[in-house]
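*Asks:* See input.txt below, with compact mmCIF, C-alpha atoms.
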# COMPACT_ATOMS: atom_id res chain seq x y z
CA MET S 1 -101.63 -36.54 112.98
CA PHE S 2 -103.69 -33.86 111.26
CA ALA S 3 -105.68 -33.18 114.42
CA ARG S 4 -102.51 -32.29 116.30
CA THR S 5 -101.08 -30.01 113.59
CA PRO S 6 -102.94 -26.83 114.60
CA VAL S 7 -101.89 -27.35 118.21
CA LEU S 8 -98.25 -27.79 117.25
CA THR S 9 -98.44 -24.74 115.03
CA MET S 10 -99.93 -22.73 117.87
CA LEU S 11 -97.20 -23.87 120.27
CA ARG S 12 -94.50 -22.96 117.77
CA ARG S 13 -96.01 -19.50 117.35
CA ILE S 14 -96.26 -19.00 121.09
CA GLY S 15 -92.66 -20.19 121.53
CA GLY S 16 -91.50 -17.84 118.79
CA ALA S 17 -93.36 -14.92 120.34
CA LEU S 18 -91.87 -15.64 123.76
CA LEU S 19 -88.39 -15.87 122.27
CA ALA S 20 -88.82 -12.60 120.43
CA SER S 21 -90.21 -11.01 123.58
CA GLY S 22 -87.25 -12.27 125.60
CA MET S 23 -84.82 -10.89 123.04
CA LEU S 24 -86.62 -7.53 123.12
CA VAL S 25 -86.47 -7.39 126.92
CA ALA S 26 -82.76 -8.30 126.87
CA ALA S 27 -82.03 -5.68 124.23
CA THR S 28 -84.03 -3.06 126.12
CA GLY S 29 -82.21 -3.94 129.35
CA ALA S 30 -78.82 -3.63 127.66
CA ALA S 31 -79.76 -0.25 126.20
CA ALA S 32 -80.97 0.97 129.59
CA GLU S 33 -77.82 -0.26 131.26
CA SER S 34 -75.56 1.53 128.78
CA ARG S 35 -77.67 4.74 128.96
CA CYS S 36 -76.76 5.75 125.44
CA LEU S 37 -79.65 7.33 123.56
CA THR S 38 -77.26 9.03 121.12
CA GLU S 39 -73.97 7.10 121.03
CA CYS S 40 -72.87 3.93 122.83
CA LYS S 41 -69.07 3.93 122.67
CA PRO S 42 -67.59 3.79 126.21
CA ARG S 43 -66.13 7.20 127.07
CA ILE S 44 -64.88 9.46 129.84
CA GLY S 45 -67.36 12.28 130.30
CA ILE S 46 -65.76 15.71 130.88
CA VAL S 47 -67.83 18.63 132.18
CA SER S 48 -66.65 22.25 132.42
CA ALA S 49 -68.60 25.31 133.56
CA PHE S 50 -66.81 28.11 131.64
CA GLY S 51 -66.03 28.25 127.95
CA ALA S 52 -62.40 29.13 128.59
CA GLU S 53 -61.98 25.92 130.61
CA ALA S 54 -63.48 23.69 127.95
CA ASP S 55 -61.80 25.42 125.00
CA ILE S 56 -58.30 24.31 126.01
CA LEU S 57 -59.42 20.69 126.15
CA LEU S 58 -61.40 20.89 122.91
CA GLU S 59 -58.40 22.32 121.05
CA GLN S 60 -56.44 19.16 121.79
CA THR S 61 -59.28 16.71 121.14
CA GLN S 62 -58.89 14.66 117.97
CA LYS S 63 -61.52 13.02 115.72
CA LYS S 64 -64.08 15.49 117.00
CA ARG S 65 -67.78 15.22 116.33
CA ASP S 66 -70.41 17.58 117.71
CA TRP S 67 -73.86 16.51 118.88
CA LYS S 68 -76.62 19.00 119.70
CA ILE S 69 -78.93 17.75 122.44
CA ASN S 70 -81.57 20.09 123.86
CA GLY S 71 -79.43 23.02 122.68
CA ASN S 72 -76.26 21.76 124.40
CA ARG S 73 -73.18 20.90 122.34
CA PHE S 74 -71.54 17.61 123.27
CA THR S 75 -68.21 16.91 121.55
CA THR S 76 -66.97 13.34 121.21
CA GLY S 77 -63.43 12.43 120.21
CA GLU S 78 -60.09 11.28 121.57
CA LEU S 79 -58.10 13.24 124.14
CA ARG S 80 -54.66 12.04 125.18
CA GLY S 81 -55.52 8.51 124.08
CA ASN S 82 -58.93 8.35 125.78
CA PRO S 83 -62.36 8.28 124.14
CA VAL S 84 -64.12 11.32 125.64
CA VAL S 85 -67.29 13.35 125.45
CA ILE S 86 -66.93 17.00 126.51
CA VAL S 87 -69.68 19.46 127.39
CA LEU S 88 -69.98 23.00 128.72
CA SER S 89 -72.50 23.04 131.57
CA GLY S 90 -72.74 26.73 132.33
CA VAL S 91 -72.50 28.16 135.84
CA SER S 92 -74.71 26.91 138.74
CA VAL S 93 -75.62 23.71 140.50
CA VAL S 94 -78.81 23.40 138.44
CA ASN S 95 -77.01 23.65 135.10
CA ALA S 96 -74.35 21.18 136.23
CA THR S 97 -77.02 18.71 137.33
CA MET S 98 -79.08 18.94 134.13
CA VAL S 99 -76.18 18.75 131.70
CA THR S 100 -74.36 15.95 133.53
CA GLN S 101 -77.50 13.80 133.61
CA LEU S 102 -78.17 14.62 129.95
CA MET S 103 -74.67 13.36 129.15
CA MET S 104 -75.28 10.20 131.16
CA ASN S 105 -78.52 9.53 129.29
CA HIS S 106 -77.19 10.06 125.79
CA PHE S 107 -73.67 8.63 125.95
CA HIS S 108 -72.05 5.54 127.44
CA VAL S 109 -70.08 7.33 130.17
CA GLU S 110 -67.92 4.96 132.20
CA ARG S 111 -66.19 7.66 134.25
CA LEU S 112 -66.80 11.34 134.89
CA LEU S 113 -64.32 14.20 135.17
CA MET S 114 -64.98 17.83 136.13
CA SER S 115 -62.41 20.35 134.97
CA GLY S 116 -62.56 24.02 135.87
CA ILE S 117 -61.70 26.98 138.07
CA ALA S 118 -62.86 27.77 141.60
CA GLY S 119 -62.32 29.93 144.65
CA GLY S 120 -59.97 28.96 147.45
CA ILE S 121 -61.21 28.32 151.00
CA ASN S 122 -58.07 27.14 152.81
CA PRO S 123 -55.93 30.27 153.29
CA ALA S 124 -52.80 28.13 152.91
CA ASN S 125 -53.58 27.58 149.21
CA HIS S 126 -52.74 30.05 146.46
CA VAL S 127 -54.00 31.32 143.12
CA GLY S 128 -53.03 28.88 140.39
CA ASP S 129 -52.98 25.84 142.68
CA VAL S 130 -54.99 22.89 141.38
CA ILE S 131 -57.11 21.15 144.01
CA VAL S 132 -58.31 17.56 143.65
CA ALA S 133 -60.70 17.07 146.55
CA GLU S 134 -61.45 13.63 147.95
CA SER S 135 -65.10 14.50 148.53
CA TRP S 136 -67.65 17.15 147.62
CA ALA S 137 -70.57 18.59 149.62
CA MET S 138 -73.24 21.26 149.18
CA PRO S 139 -73.39 23.20 152.48
CA MET S 140 -76.01 25.68 151.29
CA GLU S 141 -78.58 22.90 151.29
CA VAL S 142 -79.91 24.17 154.62
CA TYR S 143 -82.66 24.15 157.22
CA TRP S 144 -83.26 27.85 157.91
CA ASN S 145 -84.38 28.18 161.49
CA GLY S 146 -85.76 31.36 163.04
CA ASP S 147 -82.78 31.66 165.38
CA GLY S 148 -79.58 29.86 166.32
CA SER S 149 -81.25 27.17 168.40
CA LEU S 150 -81.39 23.66 167.01
CA PRO S 151 -84.64 23.17 165.08
CA SER S 152 -87.04 20.72 166.72
CA PRO S 153 -90.17 20.50 164.55
CA CYS S 154 -90.42 16.75 165.19
CA GLY S 155 -89.97 16.82 168.97
CA ALA S 156 -86.30 16.38 169.85
CA ALA S 157 -83.70 19.08 169.21
CA GLY S 158 -82.13 18.56 165.80
CA ASP S 159 -84.83 16.14 164.64
CA VAL S 160 -86.38 17.27 161.35
CA SER S 161 -87.13 13.79 160.02
CA CYS S 162 -90.91 14.27 160.03
CA LEU S 163 -90.36 16.88 157.31
CA GLY S 164 -88.44 14.43 155.12
CA VAL S 165 -85.07 16.10 155.67
CA LYS S 166 -82.01 15.51 157.86
CA LEU S 167 -79.50 17.90 159.43
CA ALA S 168 -75.84 17.38 158.60
CA THR S 169 -73.86 16.04 161.55
CA ALA S 170 -70.28 15.72 162.75
CA ASN S 171 -69.35 13.31 165.52
CA GLY S 172 -73.04 12.58 165.99
CA LYS S 173 -74.03 16.22 166.55
CA PRO S 174 -75.64 18.70 164.12
CA ARG S 175 -73.13 21.04 162.52
CA PRO S 176 -73.35 24.61 163.88
CA ASP S 177 -75.23 27.31 162.02
CA PHE S 178 -73.46 30.17 160.25
CA LYS S 179 -72.98 33.28 162.37
CA PHE S 180 -72.65 36.85 161.12
CA ASP S 181 -69.87 38.98 162.58
CA THR S 182 -71.27 42.33 163.75
CA ALA S 183 -70.01 45.20 165.83
CA GLY S 184 -72.01 43.79 168.72
CA GLY S 185 -70.62 40.28 168.30
CA ALA S 186 -71.60 37.13 166.44
CA VAL S 187 -75.25 36.81 165.41
CA SER S 188 -76.75 33.45 164.51
CA SER S 189 -78.24 33.14 161.04
CA GLY S 190 -80.25 29.99 161.79
CA LEU S 191 -78.81 28.41 158.63
CA PHE S 192 -78.09 24.77 159.51
CA MET S 193 -76.50 22.50 156.91
CA ARG S 194 -78.51 19.51 155.69
CA ASP S 195 -77.65 16.15 154.16
CA ASN S 196 -78.87 15.55 150.61
CA PHE S 197 -81.34 12.82 149.81
CA VAL S 198 -80.17 10.61 146.94
CA MET S 199 -81.47 7.41 145.39
CA ASN S 200 -79.84 4.93 143.05
CA ALA S 201 -80.17 1.27 142.12
CA SER S 202 -78.14 0.15 145.14
CA ASN S 203 -80.14 1.96 147.83
CA ALA S 204 -83.66 1.99 146.35
CA PRO S 205 -86.45 2.16 147.31
CA GLN S 206 -85.65 3.85 150.62
CA GLY S 207 -82.75 5.95 149.33
CA GLU S 208 -80.32 7.60 151.74
CA PHE S 209 -79.14 10.93 153.13
CA ARG S 210 -75.54 11.93 152.44
CA PHE S 211 -73.43 15.02 153.11
CA ASP S 212 -70.31 14.05 151.13
CA PHE S 213 -69.97 12.44 147.72
CA HIS S 214 -66.57 10.80 147.39
CA ALA S 215 -64.31 10.85 144.36
CA ASP S 216 -63.15 7.52 142.95
CA PRO S 217 -60.19 6.12 144.98
CA GLU S 218 -58.51 4.66 141.90
CA MET S 219 -58.61 7.99 140.05
CA LEU S 220 -57.43 9.85 143.16
CA ALA S 221 -54.49 7.48 143.55
CA LEU S 222 -53.40 8.21 140.00
CA ALA S 223 -53.81 11.96 140.54
CA ARG S 224 -51.39 11.76 143.46
CA THR S 225 -48.66 10.48 141.14
CA LEU S 226 -48.88 13.42 138.71
CA LYS S 227 -46.15 16.02 138.54
CA PRO S 228 -47.43 18.57 136.02
CA ALA S 229 -45.54 21.77 135.25
CA LEU S 230 -47.82 24.54 136.51
CA ALA S 231 -47.45 28.11 135.32
CA LYS S 232 -47.01 31.24 137.44
CA CYS S 233 -48.10 33.55 134.61
CA GLY S 234 -51.04 32.95 132.31
CA PRO S 235 -50.92 33.15 128.50
CA LYS S 236 -53.29 36.11 128.06
CA ASN S 237 -51.12 38.59 129.93
CA PRO S 238 -47.68 37.23 130.92
CA ALA S 239 -46.99 40.42 132.86
CA LEU S 240 -49.53 39.36 135.49
CA CYS S 241 -48.04 36.60 137.61
CA VAL S 242 -48.59 35.08 141.01
CA SER S 243 -45.91 35.41 143.65
CA VAL S 244 -46.03 31.76 144.83
CA GLN S 245 -45.36 28.78 142.56
CA PRO S 246 -48.69 26.95 142.05
CA GLU S 247 -48.90 23.33 143.16
CA LEU S 248 -51.14 20.30 142.65
CA ARG S 249 -52.86 19.43 145.93
CA VAL S 250 -54.82 16.19 146.29
CA GLY S 251 -57.10 15.64 149.28
CA GLY S 252 -59.60 17.30 151.55
CA ARG S 253 -63.14 18.42 150.91
CA GLY S 254 -64.54 20.60 148.16
CA VAL S 255 -67.85 22.44 148.49
CA SER S 256 -70.36 23.81 146.00
CA VAL S 257 -72.97 26.49 146.66
CA SER S 258 -75.72 28.13 144.66
CA ALA S 259 -74.50 31.64 145.53
CA PHE S 260 -71.60 33.57 144.04
CA MET S 261 -69.43 33.77 147.14
CA ALA S 262 -68.36 37.26 148.16
CA ASN S 263 -68.45 36.85 151.94
CA PRO S 264 -65.16 36.32 153.81
CA GLY S 265 -67.07 35.39 156.98
CA TYR S 266 -68.83 32.50 155.26
CA ARG S 267 -65.52 31.42 153.74
CA ALA S 268 -64.05 31.21 157.25
CA TYR S 269 -67.13 29.29 158.46
CA LEU S 270 -66.66 26.69 155.71
CA TYR S 271 -62.99 26.29 156.54
CA ASP S 272 -63.48 26.16 160.32
CA ASN S 273 -66.39 23.71 160.27
CA LEU S 274 -65.73 21.62 157.17
CA GLN S 275 -62.00 22.09 156.58
CA ALA S 276 -63.04 22.90 153.01
CA GLN S 277 -60.25 23.51 150.51
CA VAL S 278 -62.10 24.87 147.50
CA LEU S 279 -65.50 26.28 146.54
CA ASP S 280 -67.40 26.40 143.26
CA MET S 281 -70.97 26.36 141.95
CA GLU S 282 -71.08 23.02 140.10
CA THR S 283 -68.98 20.08 141.33
CA GLY S 284 -71.11 19.05 144.32
CA ALA S 285 -74.14 18.62 142.07
CA PHE S 286 -72.02 16.87 139.43
CA ALA S 287 -70.78 14.49 142.15
CA GLN S 288 -74.31 13.71 143.30
CA VAL S 289 -75.35 12.88 139.72
CA ALA S 290 -72.32 10.59 139.45
CA TYR S 291 -73.29 8.85 142.70
CA ALA S 292 -76.92 8.50 141.63
CA ASN S 293 -75.77 6.84 138.39
CA ARG S 294 -73.04 4.80 140.15
CA VAL S 295 -70.34 6.24 137.89
CA PRO S 296 -66.84 6.93 139.32
CA PHE S 297 -65.77 10.60 139.20
CA ILE S 298 -62.92 12.97 139.89
CA ALA S 299 -62.74 16.78 139.77
CA PHE S 300 -59.83 19.14 139.04
CA ARG S 301 -60.30 22.73 140.18
CA SER S 302 -57.70 25.47 139.84
CA LEU S 303 -57.91 28.44 142.20
CA SER S 304 -58.73 31.77 140.58
CA ASP S 305 -58.99 33.70 143.84
CA LEU S 306 -59.83 33.36 147.52
CA ALA S 307 -63.60 32.78 147.64
CA GLY S 308 -65.52 35.69 149.12
CA GLY S 309 -62.50 37.93 149.19
CA ASN S 310 -61.64 41.36 147.97
CA ASP S 311 -58.87 40.74 150.48
CA PHE S 312 -56.74 38.71 148.06
CA LYS S 313 -54.09 40.68 146.19
CA ASP S 314 -53.37 38.02 143.54
CA VAL S 315 -56.92 37.92 142.17
CA GLY S 316 -55.92 39.98 139.12
CA ALA S 317 -53.53 37.23 138.01
CA PHE S 318 -56.53 35.07 137.10
CA PHE S 319 -58.79 37.61 135.47
CA GLY S 320 -55.96 39.24 133.55
CA SER S 321 -53.91 36.28 132.38
CA GLY S 322 -55.97 33.09 132.26
CA LEU S 323 -53.62 31.40 134.71
CA ALA S 324 -56.20 29.29 136.55
CA GLU S 325 -57.77 27.63 133.50
CA THR S 326 -54.33 26.99 132.01
CA ASN S 327 -53.19 25.12 135.12
CA GLU S 328 -56.37 23.08 135.54
CA ALA S 329 -56.17 22.07 131.88
CA SER S 330 -52.54 21.03 132.36
CA VAL S 331 -53.49 18.74 135.24
CA THR S 332 -56.53 17.36 133.42
CA LEU S 333 -54.45 16.53 130.35
CA ALA S 334 -51.68 14.99 132.47
CA PHE S 335 -54.25 12.83 134.23
CA LEU S 336 -55.83 11.68 130.97
CA GLU S 337 -52.45 10.78 129.51
CA ALA S 338 -51.52 8.81 132.64
CA TRP S 339 -54.92 7.11 132.63
CA SER S 340 -54.49 6.09 129.00
CA HIS S 341 -51.03 4.60 129.67
CA ARG S 342 -52.35 2.80 132.72
CA ASN S 343 -55.11 1.15 130.71
CA ARG S 344 -52.65 -0.10 128.08
CA ARG S 345 -50.68 -2.16 130.58
Would you mind writing the structure in this file as structure tokens?
*Replies:*
Amino acid sequence: MFARTPVLTMLRRIGGALLASGMLVAATGAAAESRCLTECKPRIGIVSAFGAEADILLEQTQKKRDWKINGNRFTTGELRGNPVVIVLSGVSVVNATMVTQLMMNHFHVERLLMSGIAGGINPANHVGDVIVAESWAMPMEVYWNGDGSLPSPCGAAGDVSCLGVKLATANGKPRPDFKFDTAGGAVSSGLFMRDNFVMNASNAPQGEFRFDFHADPEMLALARTLKPALAKCGPKNPALCVSVQPELRVGGRGVSVSAFMANPGYRAYLYDNLQAQVLDMETGAFAQVAYANRVPFIAFRSLSDLAGGNDFKDVGAFFGSGLAETNEASVTLAFLEAWSHRNRR
């Protein structure tokens, strides 16, 4: 009896240690899964690039609490019946990437929403329209060749795989490079669009190359049912109005670039080759972060002008009256209200 007691005691201690270790691993796994270093309540994460865009949403957010993380202010609360966390990213694909991932790490974000203004690509759209694209791409992720011929550093034309990159394709062929219009005719730039490499838990360890990142079908379906009242004149200067009644348009492709677009020729290139509807400097990166974290997303972008154009007479309606941010906020709020009602059923 007494001879076995130390052995039994040792076994009990080992069993207790293993149990505690198992509980620690389980707890650590749960924390990693929820990705909530700061707060773990399930929320919709809302990202905006400009202060004016975020301010309208923050004004209507209830039970607000601010959190400062690496200098960025994240505001939690309730907006139209939904638990949310709202952050201002600042302009650019880099800022959007950093701040969106920071949000994902510190809060339990179940869905992501981008709300902001953008430039129009499709000439059939108008200032004040709100575009909800089905997918987002970043066409300025490029392979810059010395001329307009297909790059062939790895042997075959269009093959750049030995460099760890991949040209974007359509119908199995590389998409054409951008061409400058000159007095002597079109001149190739050698700028060929690339796919983006992305890795997440579902495609690791090899990862994958993608051109488009698709918005959540369920959220898109709800967006198609919305009938928000969109303004023709903004609140800052009601005397400045657009001539065409703005509309909500769901579908098509949105694109994000790292350049402030002031080139009508590149705008036409994006429309002709990608049938792009809208252009900004954040949403494509935001969408890639969402895909990498396997979080459903949607983006609402209201048109402030025609991207790359001093050829668009209604541009003053945005800068003078705040029309674009007012309309995108109206759609965002209508969506959140509909989403809240849907979840109560």
*Asks:* Around the point (-77.5, 29.5, 158.0) (coordinates from the file), which residues reach within 12 Å if we count only C-alpha atoms? Answer as a short mmCIF file (atom, residue, chain, number, x, y, z; two decimals) with C-alpha atoms, in the frame of the given file.
*Replies:*
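File produced: point.cif:
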data_model
loop_
_atom_site.label_atom_id
_atom_site.label_comp_id
_atom_site.auth_asym_id
_atom_site.auth_seq_id
_atom_site.Cartn_x
_atom_site.Cartn_y
_atom_site.Cartn_z
CA PRO S 139 -73.39 23.20 152.48
CA MET S 140 -76.01 25.68 151.29
CA GLU S 141 -78.58 22.90 151.29
CA VAL S 142 -79.91 24.17 154.62
CA TYR S 143 -82.66 24.15 157.22
CA TRP S 144 -83.26 27.85 157.91
CA ASN S 145 -84.38 28.18 161.49
CA GLY S 146 -85.76 31.36 163.04
CA ASP S 147 -82.78 31.66 165.38
CA GLY S 148 -79.58 29.86 166.32
CA SER S 149 -81.25 27.17 168.40
CA LEU S 150 -81.39 23.66 167.01
CA PRO S 151 -84.64 23.17 165.08
CA LEU S 167 -79.50 17.90 159.43
CA ARG S 175 -73.13 21.04 162.52
CA PRO S 176 -73.35 24.61 163.88
CA ASP S 177 -75.23 27.31 162.02
CA PHE S 178 -73.46 30.17 160.25
CA LYS S 179 -72.98 33.28 162.37
CA PHE S 180 -72.65 36.85 161.12
CA VAL S 187 -75.25 36.81 165.41
CA SER S 188 -76.75 33.45 164.51
CA SER S 189 -78.24 33.14 161.04
CA GLY S 190 -80.25 29.99 161.79
CA LEU S 191 -78.81 28.41 158.63
CA PHE S 192 -78.09 24.77 159.51
CA MET S 193 -76.50 22.50 156.91
CA ARG S 194 -78.51 19.51 155.69
CA TYR S 266 -68.83 32.50 155.26
CA TYR S 269 -67.13 29.29 158.46
CA LEU S 270 -66.66 26.69 155.71
#
*Asks:* Using only C-alpha atoms, find the one residue out of S:Glu208, S:Asp55, S:Glu134, S:Glu78 that sits nearest to S:Ala292.
*Replies:*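 Smallest distance to S:Ala292 is found for S:Glu208.
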*Asks:* Skipping near chain neighbours, those fewer than 4 positions away, what residues fall within 8 Å of S:Thr100 using only C-alpha atoms, listed as number ranges by chain?
*Replies:* S: 47, 89, 96, 104, 286, 289
*Asks:* Take the residues that were just selected and, keeping C-alpha atoms, output them as a short mmCIF file (atom, residue, chain, number, x, y, z; two decimals), in the coordinates of the input.
*Replies:*
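Dumped everything to part20.cif:
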data_model
loop_
_atom_site.label_atom_id
_atom_site.label_comp_id
_atom_site.auth_asym_id
_atom_site.auth_seq_id
_atom_site.Cartn_x
_atom_site.Cartn_y
_atom_site.Cartn_z
CA VAL S 47 -67.83 18.63 132.18
CA SER S 89 -72.50 23.04 131.57
CA ALA S 96 -74.35 21.18 136.23
CA MET S 104 -75.28 10.20 131.16
CA PHE S 286 -72.02 16.87 139.43
CA VAL S 289 -75.35 12.88 139.72
#
*Asks:* For S:Ala259, which residue among S:Ile86, S:Leu336, S:Met138, S:Val127 is the nearest when counting all atoms listed in the file?
*Replies:*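 Ranked by minimum distance to S:Ala259, first place goes to S:Met138.
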*Asks:* Rounded to one decimal, what separation in Å do you get between atom CA of S:Asp272 and atom CA of S:Ser92?
*Replies:*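 Pair atom CA of S:Asp272 / atom CA of S:Ser92 returns 24.3 Å.
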*Asks:* Excluding S:Arg73 and its own-chain neighbours fewer than 2 positions away, which residues fall within 12 Å of it when counting all atoms listed in the file? Please give them as a list in words.
*Replies:*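 Here the qualifying residues turn out to be Val47, Gly51, Ala54, Leu58, Lys64, Arg65, Asp66, Trp67, Lys68, Ile69, Asn70, Gly71, Thr75, Thr76, Val85, Ile86, Val87, Leu88, Ser89, Gly90, Val99, Leu102 and Met103 of chain S.
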*Asks:* Taking all atoms listed in the file into account, which of S:Gln60, S:Gln288, S:Thr332, S:Ser258 comes nearest S:Met219?
*Replies:*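 Counting all atoms listed in the file, the residue closest to S:Met219 is S:Thr332.
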*Asks:* Any idea what the distance is between atom CA of S:Ser304 and atom CA of S:Tyr291?
*Replies:*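 Separation between atom CA of S:Ser304 and atom CA of S:Tyr291: 27.2 Å.
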*Asks:* Work out how far atom CA of S:Glu247 is from atom CA of S:Ile121, in Å to one decimal.
*Replies:*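 Atom-to-atom, atom CA of S:Ile121 and atom CA of S:Glu247 are spaced 15.4 Å apart.
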*Asks:* Using only C-alpha atoms, which residue out of S:Ala287, S:Val130, S:Leu37, S:Leu240 lies closest to S:Ala329?
*Replies:*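 Checking each candidate against S:Ala329, we get S:Val130 as the closest.
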*Asks:* With a distance cut-off of 12 Å and all atoms listed in the file, select the neighbouring residues of S:Phe213, excluding the residue or stretch itself and same-chain residues fewer than 6 positions from it, and output the selection as a ChimeraX atom specification.
*Replies:* /S:133-138,195-198,253-256,283-292,294-299
*Asks:* What lies within 9 Å of S:Lys41 using all atoms listed in the file, ignoring chain neighbours under 4 positions off, as JSON, numbers by chain?
*Replies:* {"S": [36, 83, 107, 108, 109]}
*Asks:* Tell me, as a count of residues only, which residues lie within 9 Å of S:Lys227, counting only C-alpha atoms; anything in the same chain fewer than 6 positions away does not count.
*Replies:* 3
*Asks:* Let me make sure I understand: among S:Lys63, S:Met261, S:Arg342, S:Gly172, which one has the smallest atom-to-atom distance to S:Met281 if we use all atoms listed in the file?
*Replies:* S:Met261
*Asks:* I need the residue nearest S:Cys241 from this list: S:Ala183, S:Asp159, S:His126, S:Asn203. Use only C-alpha atoms for the distance.
*Replies:*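 Ranking S:Ala183, S:Asp159, S:His126, S:Asn203 by distance to S:Cys241, first place goes to S:His126.
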